[in-house]
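Pasting my_file27.cif here (mmCIF, C-alpha atoms):
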```cif
data_upload
#
loop_
_atom_site.label_atom_id
_atom_site.label_comp_id
_atom_site.auth_asym_id
_atom_site.auth_seq_id
_atom_site.Cartn_x
_atom_site.Cartn_y
_atom_site.Cartn_z
CA MET P 1 -11.40 2.44 68.22
CA VAL P 2 -12.99 1.98 71.63
CA THR P 3 -10.81 0.47 74.34
CA ASN P 4 -12.21 -1.97 76.87
CA ILE P 5 -10.67 -4.35 79.37
CA THR P 6 -13.58 -6.40 80.71
CA ASN P 7 -14.65 -8.23 77.56
CA LEU P 8 -13.45 -11.80 77.08
CA GLY P 9 -10.98 -11.58 74.21
CA ARG P 10 -10.02 -7.86 74.45
CA SER P 11 -11.21 -7.62 70.85
CA GLY P 12 -14.65 -7.51 69.28
CA LEU P 13 -13.53 -9.88 66.57
CA SER P 14 -12.35 -12.60 68.97
CA ASP P 15 -15.48 -12.21 71.12
CA TRP P 16 -17.59 -12.57 68.00
CA LEU P 17 -15.69 -15.68 66.89
CA ILE P 18 -15.86 -17.24 70.38
CA GLN P 19 -19.62 -16.58 70.45
CA ARG P 20 -20.17 -18.29 67.08
CA VAL P 21 -17.90 -21.31 67.72
CA SER P 22 -19.28 -21.90 71.24
CA ALA P 23 -22.84 -21.68 69.84
CA ILE P 24 -22.06 -24.44 67.33
CA ILE P 25 -20.55 -26.67 70.05
CA LEU P 26 -23.59 -26.10 72.30
CA ALA P 27 -25.97 -26.85 69.42
CA ILE P 28 -24.20 -30.16 68.71
CA TYR P 29 -24.20 -31.06 72.43
CA ALA P 30 -27.91 -30.21 72.79
CA VAL P 31 -28.88 -32.24 69.71
CA PHE P 32 -26.79 -35.17 70.98
CA MET P 33 -28.50 -35.04 74.38
CA VAL P 34 -32.01 -34.88 72.92
CA LEU P 35 -31.27 -37.80 70.57
CA TYR P 36 -29.70 -39.83 73.39
CA LEU P 37 -32.77 -39.34 75.58
CA LEU P 38 -35.10 -40.21 72.69
CA PHE P 39 -33.22 -43.46 71.98
CA HIS P 40 -33.15 -44.44 75.66
CA PRO P 41 -36.81 -44.15 76.77
CA GLY P 42 -36.49 -46.25 79.92
CA LEU P 43 -33.24 -44.61 81.01
CA ASP P 44 -31.90 -45.89 84.35
CA TYR P 45 -29.02 -44.72 86.58
CA ALA P 46 -26.58 -47.38 85.40
CA THR P 47 -26.92 -46.44 81.71
CA TRP P 48 -26.70 -42.70 82.45
CA SER P 49 -23.70 -43.17 84.72
CA GLY P 50 -22.13 -45.47 82.12
CA LEU P 51 -22.40 -42.76 79.48
CA PHE P 52 -20.59 -40.22 81.66
CA SER P 53 -17.90 -42.68 82.79
CA GLN P 54 -16.50 -42.77 79.26
CA THR P 55 -13.61 -40.41 78.59
CA TRP P 56 -14.96 -39.08 75.25
CA MET P 57 -18.25 -38.11 76.93
CA ARG P 58 -16.38 -36.30 79.72
CA ILE P 59 -14.27 -34.42 77.16
CA PHE P 60 -17.39 -33.61 75.10
CA SER P 61 -19.23 -32.42 78.23
CA LEU P 62 -16.29 -30.33 79.46
CA LEU P 63 -16.06 -28.76 76.01
CA ALA P 64 -19.76 -27.90 76.26
CA PHE P 65 -19.32 -26.48 79.80
CA ILE P 66 -16.39 -24.28 78.74
CA SER P 67 -18.40 -23.20 75.69
CA ILE P 68 -21.40 -22.20 77.79
CA ALA P 69 -19.11 -20.32 80.21
CA ALA P 70 -17.50 -18.32 77.38
CA HIS P 71 -20.84 -17.84 75.59
CA ALA P 72 -22.51 -16.60 78.77
CA TRP P 73 -19.69 -14.18 79.54
CA VAL P 74 -19.64 -12.62 76.06
CA GLY P 75 -23.45 -12.40 76.01
CA LEU P 76 -23.99 -11.03 79.52
CA TRP P 77 -21.03 -8.66 79.21
CA THR P 78 -22.72 -7.25 76.11
CA VAL P 79 -26.06 -6.94 77.91
CA SER P 80 -24.37 -5.15 80.84
CA THR P 81 -22.61 -2.64 78.57
CA ASP P 82 -25.88 -1.98 76.71
CA TYR P 83 -28.17 -1.42 79.67
CA LEU P 84 -26.14 -0.65 82.79
CA LYS P 85 -24.97 2.92 82.31
CA GLN P 86 -23.64 3.48 85.81
CA ALA P 87 -20.06 2.15 85.94
CA GLY P 88 -20.24 0.85 89.54
CA ALA P 89 -23.44 -1.10 88.94
CA ARG P 90 -22.05 -2.46 85.68
CA PHE P 91 -18.83 -3.66 87.30
CA ALA P 92 -20.76 -5.22 90.21
CA PHE P 93 -23.02 -7.08 87.76
CA GLN P 94 -20.02 -8.28 85.76
CA ALA P 95 -18.30 -9.47 88.95
CA VAL P 96 -21.36 -11.47 90.05
CA VAL P 97 -21.73 -13.03 86.60
CA MET P 98 -18.03 -13.91 86.45
CA LEU P 99 -18.14 -15.49 89.90
CA ALA P 100 -21.27 -17.52 89.03
CA ILE P 101 -19.70 -18.74 85.77
CA PHE P 102 -16.51 -19.74 87.60
CA VAL P 103 -18.42 -21.60 90.33
CA PHE P 104 -20.58 -23.47 87.83
CA LEU P 105 -17.56 -24.41 85.73
CA VAL P 106 -15.57 -25.82 88.67
CA TRP P 107 -18.69 -27.56 89.95
CA GLY P 108 -19.25 -29.06 86.48
CA VAL P 109 -15.70 -30.45 86.44
CA GLN P 110 -16.28 -31.95 89.90
CA VAL P 111 -19.53 -33.58 88.75
CA LEU P 112 -17.87 -35.03 85.64
CA TRP P 113 -14.79 -36.49 87.33
CA GLY P 114 -15.96 -36.80 90.92
CA ALA P 115 -18.44 -39.64 90.61
CA MET Y 1 -65.68 12.72 54.23
CA SER Y 2 -63.31 11.96 57.06
CA THR Y 3 -60.41 14.15 58.02
CA LEU Y 4 -56.98 12.78 58.90
CA GLN Y 5 -56.03 12.83 62.59
CA ILE Y 6 -52.39 13.82 62.98
CA SER Y 7 -50.63 13.72 66.32
CA ILE Y 8 -47.30 15.55 66.44
CA TYR Y 9 -44.52 15.55 69.04
CA ARG Y 10 -44.05 19.11 70.27
CA TYR Y 11 -41.24 20.43 72.41
CA ASN Y 12 -39.83 23.91 72.69
CA PRO Y 13 -37.15 23.89 75.40
CA GLU Y 14 -37.55 27.66 75.90
CA THR Y 15 -41.24 27.48 76.82
CA ASP Y 16 -42.16 23.84 77.57
CA SER Y 17 -41.10 21.97 80.69
CA ALA Y 18 -41.76 18.63 78.98
CA PRO Y 19 -42.57 17.32 75.50
CA TYR Y 20 -46.24 16.72 74.62
CA MET Y 21 -48.30 15.44 71.70
CA GLN Y 22 -50.44 17.98 69.84
CA GLU Y 23 -53.46 16.86 67.84
CA PHE Y 24 -54.21 18.27 64.39
CA GLU Y 25 -56.99 17.59 61.91
CA LEU Y 26 -56.26 17.75 58.23
CA ASP Y 27 -58.57 17.56 55.24
CA THR Y 28 -56.51 16.02 52.43
CA GLN Y 29 -59.55 16.08 50.10
CA GLY Y 30 -59.00 12.39 49.45
CA ARG Y 31 -55.60 12.89 47.83
CA ASP Y 32 -52.71 10.57 48.69
CA ILE Y 33 -50.14 13.29 49.40
CA MET Y 34 -46.71 12.85 50.96
CA VAL Y 35 -46.30 13.18 54.73
CA LEU Y 36 -44.15 16.29 54.11
CA ASN Y 37 -47.04 17.92 52.21
CA ALA Y 38 -49.31 17.17 55.17
CA LEU Y 39 -46.73 18.79 57.48
CA GLU Y 40 -46.63 21.91 55.28
CA MET Y 41 -50.44 22.15 55.53
CA ILE Y 42 -50.22 21.80 59.31
CA LYS Y 43 -47.61 24.54 59.39
CA GLN Y 44 -50.32 26.77 57.88
CA GLN Y 45 -52.47 25.98 60.94
CA ASP Y 46 -49.65 26.42 63.48
CA SER Y 47 -46.57 28.25 62.26
CA SER Y 48 -44.65 27.50 65.48
CA MET Y 49 -44.22 23.84 64.42
CA ALA Y 50 -40.58 23.08 63.55
CA TYR Y 51 -39.15 20.43 61.21
CA ARG Y 52 -36.26 20.19 58.75
CA ARG Y 53 -36.80 19.96 55.03
CA SER Y 54 -35.06 21.01 51.86
CA CYS Y 55 -35.24 19.22 48.52
CA ARG Y 56 -38.62 17.49 49.11
CA GLU Y 57 -37.62 14.59 46.81
CA GLY Y 58 -35.60 12.15 48.93
CA VAL Y 59 -32.17 13.48 47.98
CA CYS Y 60 -31.08 15.81 50.77
CA GLY Y 61 -32.02 13.59 53.71
CA SER Y 62 -33.26 16.46 55.89
CA ASP Y 63 -36.76 15.30 56.82
CA GLY Y 64 -36.05 11.93 58.41
CA MET Y 65 -38.66 11.34 61.11
CA ASN Y 66 -40.63 8.62 62.87
CA MET Y 67 -44.01 8.13 61.17
CA ASN Y 68 -46.45 5.81 62.97
CA GLY Y 69 -43.49 4.10 64.61
CA LYS Y 70 -41.29 3.69 61.55
CA ASN Y 71 -38.41 5.93 60.49
CA GLY Y 72 -38.42 7.34 56.98
CA LEU Y 73 -38.24 10.45 54.85
CA ALA Y 74 -41.49 12.42 55.06
CA CYS Y 75 -41.05 13.77 51.51
CA VAL Y 76 -41.09 10.37 49.80
CA THR Y 77 -43.56 8.59 52.10
CA PRO Y 78 -47.17 8.78 50.86
CA LEU Y 79 -49.89 8.90 53.53
CA SER Y 80 -51.29 5.60 52.20
CA GLU Y 81 -48.05 3.88 53.22
CA VAL Y 82 -48.11 4.88 56.89
CA VAL Y 83 -51.59 6.02 57.99
CA LYS Y 84 -53.50 3.42 60.01
CA ASP Y 85 -57.18 3.87 61.00
CA ASN Y 86 -57.05 7.44 59.73
CA LYS Y 87 -54.39 8.30 62.33
CA LEU Y 88 -50.80 9.46 61.86
CA VAL Y 89 -48.33 9.94 64.72
CA LEU Y 90 -45.21 11.95 63.91
CA ARG Y 91 -42.22 11.91 66.24
CA PRO Y 92 -38.58 12.99 65.90
CA LEU Y 93 -35.98 10.34 65.02
CA PRO Y 94 -35.61 8.19 68.19
CA GLY Y 95 -32.48 8.25 70.33
CA LEU Y 96 -31.11 11.67 69.42
CA PRO Y 97 -31.52 14.78 71.59
CA VAL Y 98 -34.49 16.92 70.50
CA ILE Y 99 -33.68 20.55 69.68
CA ARG Y 100 -37.28 21.48 69.01
CA ASP Y 101 -40.40 19.57 67.84
CA LEU Y 102 -39.26 17.23 65.02
CA VAL Y 103 -35.76 18.70 64.82
CA VAL Y 104 -33.03 16.54 66.39
CA ASP Y 105 -29.38 17.17 67.21
CA MET Y 106 -27.43 15.00 64.73
CA GLY Y 107 -24.06 15.78 66.35
CA VAL Y 108 -23.30 12.28 67.64
CA PHE Y 109 -24.38 10.77 64.30
CA TYR Y 110 -21.95 13.00 62.38
CA LYS Y 111 -19.21 12.32 64.91
CA GLN Y 112 -19.49 8.59 64.23
CA TYR Y 113 -19.51 9.27 60.47
CA GLU Y 114 -16.34 11.34 60.90
CA SER Y 115 -14.71 8.52 62.91
CA ILE Y 116 -14.59 6.21 59.88
CA GLN Y 117 -12.67 8.88 57.91
CA PRO Y 118 -15.08 9.12 54.98
CA TYR Y 119 -12.64 10.19 52.29
CA LEU Y 120 -10.25 8.38 49.96
CA GLN Y 121 -6.80 7.78 51.40
CA ASN Y 122 -4.04 6.78 49.03
CA ASP Y 123 -0.35 6.81 49.86
CA THR Y 124 0.89 6.10 46.33
CA ALA Y 125 2.10 8.90 44.07
CA ALA Y 126 -0.72 10.74 42.34
CA PRO Y 127 -0.94 9.80 38.65
CA ALA Y 128 -0.79 12.48 35.95
CA THR Y 129 -4.51 12.29 35.20
CA GLU Y 130 -6.69 10.37 37.62
CA ARG Y 131 -6.92 7.05 39.49
CA LEU Y 132 -8.84 4.80 37.14
CA GLN Y 133 -11.17 1.97 38.13
CA SER Y 134 -12.36 -0.93 36.04
CA PRO Y 135 -16.15 -1.24 35.65
CA GLU Y 136 -15.96 -4.26 37.97
CA GLU Y 137 -14.13 -2.28 40.67
CA ARG Y 138 -16.62 0.56 40.32
CA GLU Y 139 -19.52 -1.91 40.62
CA LYS Y 140 -18.42 -2.82 44.15
CA LEU Y 141 -19.42 0.66 45.31
CA ASP Y 142 -23.03 0.27 44.16
CA GLY Y 143 -25.40 0.08 47.11
CA LEU Y 144 -22.85 1.93 49.26
CA TYR Y 145 -22.23 5.40 47.80
CA GLU Y 146 -25.96 6.22 47.51
CA CYS Y 147 -26.35 6.90 51.25
CA ILE Y 148 -27.64 10.43 51.94
CA LEU Y 149 -26.94 10.39 55.71
CA CYS Y 150 -30.57 10.95 56.71
CA ALA Y 151 -29.93 8.91 59.92
CA CYS Y 152 -33.15 6.88 59.57
CA CYS Y 153 -31.16 3.63 59.92
CA SER Y 154 -28.88 4.54 62.83
CA THR Y 155 -31.77 5.98 64.85
CA ALA Y 156 -33.78 2.76 64.27
CA CYS Y 157 -30.94 0.69 65.73
CA PRO Y 158 -31.13 -0.27 69.45
CA SER Y 159 -27.35 -0.81 69.56
CA PHE Y 160 -26.94 2.83 68.46
CA TRP Y 161 -29.56 3.98 71.01
CA TRP Y 162 -27.65 2.38 73.90
CA ASN Y 163 -24.10 3.28 72.81
CA PRO Y 164 -24.19 6.17 70.31
CA ASP Y 165 -20.78 7.32 71.56
CA LYS Y 166 -19.11 3.94 70.96
CA PHE Y 167 -21.03 2.09 68.22
CA VAL Y 168 -20.46 3.62 64.77
CA GLY Y 169 -23.99 2.68 63.69
CA PRO Y 170 -25.31 1.32 60.38
CA ALA Y 171 -24.91 4.57 58.39
CA GLY Y 172 -21.27 5.04 59.42
CA LEU Y 173 -20.45 1.37 58.88
CA LEU Y 174 -22.01 1.36 55.40
CA GLN Y 175 -19.66 4.24 54.56
CA ALA Y 176 -16.74 2.48 56.27
CA TYR Y 177 -17.26 -0.41 53.86
CA ARG Y 178 -17.68 1.99 50.93
CA PHE Y 179 -14.04 3.07 51.46
CA LEU Y 180 -12.80 -0.43 52.35
CA ALA Y 181 -14.26 -1.71 49.07
CA ASP Y 182 -12.79 1.12 46.99
CA SER Y 183 -9.89 -0.06 44.80
CA ARG Y 184 -8.35 3.44 44.99
CA ASP Y 185 -8.09 3.45 48.80
CA THR Y 186 -4.90 2.08 50.39
CA ALA Y 187 -5.73 2.62 54.09
CA THR Y 188 -7.56 -0.73 54.38
CA SER Y 189 -5.61 -2.14 57.33
CA GLU Y 190 -5.80 1.12 59.33
CA ARG Y 191 -9.53 1.31 58.66
CA LEU Y 192 -10.03 -2.30 59.78
CA ALA Y 193 -7.92 -1.78 62.91
CA ARG Y 194 -10.21 1.05 64.04
CA LEU Y 195 -13.28 -1.24 63.81
CA GLU Y 196 -11.91 -4.32 65.54
CA ASP Y 197 -12.87 -3.40 69.16
CA PRO Y 198 -16.04 -4.77 70.86
CA PHE Y 199 -18.14 -1.65 70.17
CA SER Y 200 -17.39 0.21 66.92
CA LEU Y 201 -18.62 -2.57 64.62
CA PHE Y 202 -19.28 -5.63 66.74
CA ARG Y 203 -22.15 -4.04 68.68
CA CYS Y 204 -24.24 -4.85 65.60
CA ARG Y 205 -26.54 -7.75 66.48
CA GLY Y 206 -27.83 -8.15 62.94
CA ILE Y 207 -31.49 -7.37 63.65
CA MET Y 208 -31.70 -5.50 60.33
CA ASN Y 209 -33.86 -2.58 61.47
CA CYS Y 210 -31.52 -0.46 59.33
CA VAL Y 211 -32.39 -2.44 56.21
CA ALA Y 212 -36.12 -2.26 56.99
CA VAL Y 213 -36.19 1.55 57.20
CA CYS Y 214 -33.57 2.75 54.67
CA PRO Y 215 -35.43 5.10 52.27
CA LYS Y 216 -32.81 4.43 49.60
CA GLY Y 217 -33.17 0.63 49.86
CA LEU Y 218 -29.56 0.13 51.01
CA ASN Y 219 -28.32 -2.76 53.15
CA PRO Y 220 -25.98 -1.76 56.01
CA THR Y 221 -26.24 -5.24 57.59
CA ARG Y 222 -24.69 -6.76 54.47
CA ALA Y 223 -21.88 -4.16 54.53
CA ILE Y 224 -21.23 -4.92 58.22
CA GLY Y 225 -21.04 -8.64 57.35
CA LYS Y 226 -18.51 -7.86 54.60
CA ILE Y 227 -16.33 -5.85 57.02
CA ARG Y 228 -16.51 -8.73 59.51
CA GLU Y 229 -15.37 -11.13 56.77
CA MET Y 230 -12.43 -8.82 55.96
CA LEU Y 231 -11.47 -8.62 59.64
CA LEU Y 232 -11.76 -12.39 60.02
CA SER Y 233 -9.68 -13.26 56.96
CA ASN Y 234 -6.99 -10.79 58.08
CA ALA Y 235 -6.83 -12.16 61.61
CA THR Y 236 -7.15 -15.96 61.30
#
```
Would you write the structure of this file as structure tokens?
Amino acid sequence: MVTNITNLGRSGLSDWLIQRVSAIILAIYAVFMVLYLLFHPGLDYATWSGLFSQTWMRIFSLLAFISIAAHAWVGLWTVSTDYLKQAGARFAFQAVVMLAIFVFLVWGVQVLWGA
Amino acid sequence: MSTLQISIYRYNPETDSAPYMQEFELDTQGRDIMVLNALEMIKQQDSSMAYRRSCREGVCGSDGMNMNGKNGLACVTPLSEVVKDNKLVLRPLPGLPVIRDLVVDMGVFYKQYESIQPYLQNDTAAPATERLQSPEEREKLDGLYECILCACCSTACPSFWWNPDKFVGPAGLLQAYRFLADSRDTATSERLARLEDPFSLFRCRGIMNCVAVCPKGLNPTRAIGKIREMLLSNAT
């Protein structure tokens, strides 16, 4: 049993599950986006804005944003614990990643509900 | 008649400041001998060359080494399987400290094996004769108990290279499942609890290098998947 306090779920099992579930959500969101763009070849601002003004699309998008935030944290945390052997450098990297994820998430919420 | 070019990793910490590759030429007289036989012939040329060996038939697991980039047992690997363009490069198992030449320090590998408590644990009263298993229960151990701990799999695993002190590695995890799957073992929940952290088991990324190199044809990735399923069904 190895103890760790910086990983997302404090357990390897929950991190693993979060990684799998968020990957499925992101796959569905990506396929939806590709199909939407394919079926709207002459896409204009009004149609695009109309899509994101609907509540279900905002919920779906926020779900995708939260998924990418969790997915990125689990993935990059793993990369940092594999390759960054010096504890100070590893913690600094993790702090920068966490800050970036937080900023992008709040920004994403603002984009979704701010317009 | 061409002779085989063999390049061998040499390092003697008492005399060498750094490891180097030494070139040998070997006339196999056209026979497809095992890599271990070739090493024995080279030892005739240079008796200072060190490697481990014992049974020479793939049972003891002593002569695991890296042959032209792939881990395996030298005693059961014919030259025809590994030699490319008449060249053979022999290196020690990657990721473990080198003691001398092809001999590595397996300490961290054994420590991880020890961490999974590789022995039957049963807290029920011992029966008068023995703990019996049905043929079906016994069958679950096939593909698990055959491991000879040669370390070819764990030293082919990048997750083990980066965190050998925290990640149990494919060999240890295969044995962890061997005891989890044993109907006579009652320590299942304690065993699972020790593997639930982000490193011990979950550092496995499923790249299956272990499966590709196992000289006994075993499948640690499958065993790791089974442990994950057990953890998941216990926790959800």
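Taking atom CA of Leu79 of chain Y as the reference point, atom CA of Met49 of chain Y is found at 19.3 Å.
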### Task
Using all atoms listed in the file, find the residues of chain P whose closest atom to chain Y is at most 10 Å away, then write them as an MDAnalysis selection string.
chainID P and resid 1:4 7:17 78 81:85
### Query
Near Tyr11 of chain Y, within 9 Å and counting all atoms listed in the file, which residues show up once chain neighbours fewer than 3 positions away are dropped, as number ranges by chain?
Y: 14-21, 98-102
Requested write-out: C-alpha atoms of the selected residues, as a tab-separated table (two decimals), in the coordinates of the input:
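result.tsv written:
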```
chain	number	residue	atom	x	y	z
Y	14	GLU	CA	-37.55	27.66	75.90
Y	15	THR	CA	-41.24	27.48	76.82
Y	16	ASP	CA	-42.16	23.84	77.57
Y	17	SER	CA	-41.10	21.97	80.69
Y	18	ALA	CA	-41.76	18.63	78.98
Y	19	PRO	CA	-42.57	17.32	75.50
Y	20	TYR	CA	-46.24	16.72	74.62
Y	21	MET	CA	-48.30	15.44	71.70
Y	98	VAL	CA	-34.49	16.92	70.50
Y	99	ILE	CA	-33.68	20.55	69.68
Y	100	ARG	CA	-37.28	21.48	69.01
Y	101	ASP	CA	-40.40	19.57	67.84
Y	102	LEU	CA	-39.26	17.23	65.02
```
#### Entry: Of the listed residues P:Ser80, P:Leu112, P:Ala27, P:Ala100, that which approaches Thr6 of chain P most closely, counting all atoms listed in the file
P:Ser80
### Task
Determine the residue membership of the PyMOL selection byres ((chain Y and resi 69-75) around 8) for the file above and supply it as a count of residues only.
28
Give as a compact mmCIF listing (two decimals) with C-alpha atoms, keeping the file's coordinate frame the residues that the PyMOL selection byres ((chain Y and resi 40-43) around 10) matches when applied to the coordinates above.
```
# COMPACT_ATOMS: atom_id res chain seq x y z
CA ILE Y 6 -52.39 13.82 62.98
CA ILE Y 8 -47.30 15.55 66.44
CA PHE Y 24 -54.21 18.27 64.39
CA GLU Y 25 -56.99 17.59 61.91
CA LEU Y 26 -56.26 17.75 58.23
CA ASP Y 27 -58.57 17.56 55.24
CA THR Y 28 -56.51 16.02 52.43
CA VAL Y 35 -46.30 13.18 54.73
CA LEU Y 36 -44.15 16.29 54.11
CA ASN Y 37 -47.04 17.92 52.21
CA ALA Y 38 -49.31 17.17 55.17
CA LEU Y 39 -46.73 18.79 57.48
CA GLN Y 44 -50.32 26.77 57.88
CA GLN Y 45 -52.47 25.98 60.94
CA ASP Y 46 -49.65 26.42 63.48
CA SER Y 47 -46.57 28.25 62.26
CA SER Y 48 -44.65 27.50 65.48
CA MET Y 49 -44.22 23.84 64.42
CA ALA Y 50 -40.58 23.08 63.55
CA TYR Y 51 -39.15 20.43 61.21
```
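Using only C-alpha atoms, the smallest distance between any of Y:Gln5, Y:Ser183, Y:Asn234, Y:Asn86 and Glu136 of chain Y comes from Y:Ser183.
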### Task
Output the residue selection produced by the PyMOL selection byres ((chain P and resi 19) around 8) on the file above, formatted as a list in words.
Asp15, Trp16, Leu17, Ile18, Arg20, Val21, Ser22, Ala23, Ala70, His71, Val74 and Gly75 of chain P
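The interatomic distance for the pair atom CA of Phe179 of chain Y and atom CA of Gln117 of chain Y works out to 8.8 Å.
Between atom CA of Gln112 of chain Y and atom CA of Ile207 of chain Y lies a distance of 20.0 Å.
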### Message
Need to verify the contact set: Pro127 of chain Y, 12 Å, all atoms listed in the file, exclusion of same-chain residues closer than 5 positions in sequence. Can you return it as a list in words?
### Response
Asn122, Leu132 and Arg184 of chain Y
Output, as JSON, the centre and edge lengths in Å (one decimal) of the axis-aligned box that contains all listed atoms of segment 48-60 of chain P with 5 Å of margin on each side.
```
{"center_x": -20.2, "center_y": -39.5, "center_z": 79.9, "size_x": 23.1, "size_y": 21.9, "size_z": 19.6}
```
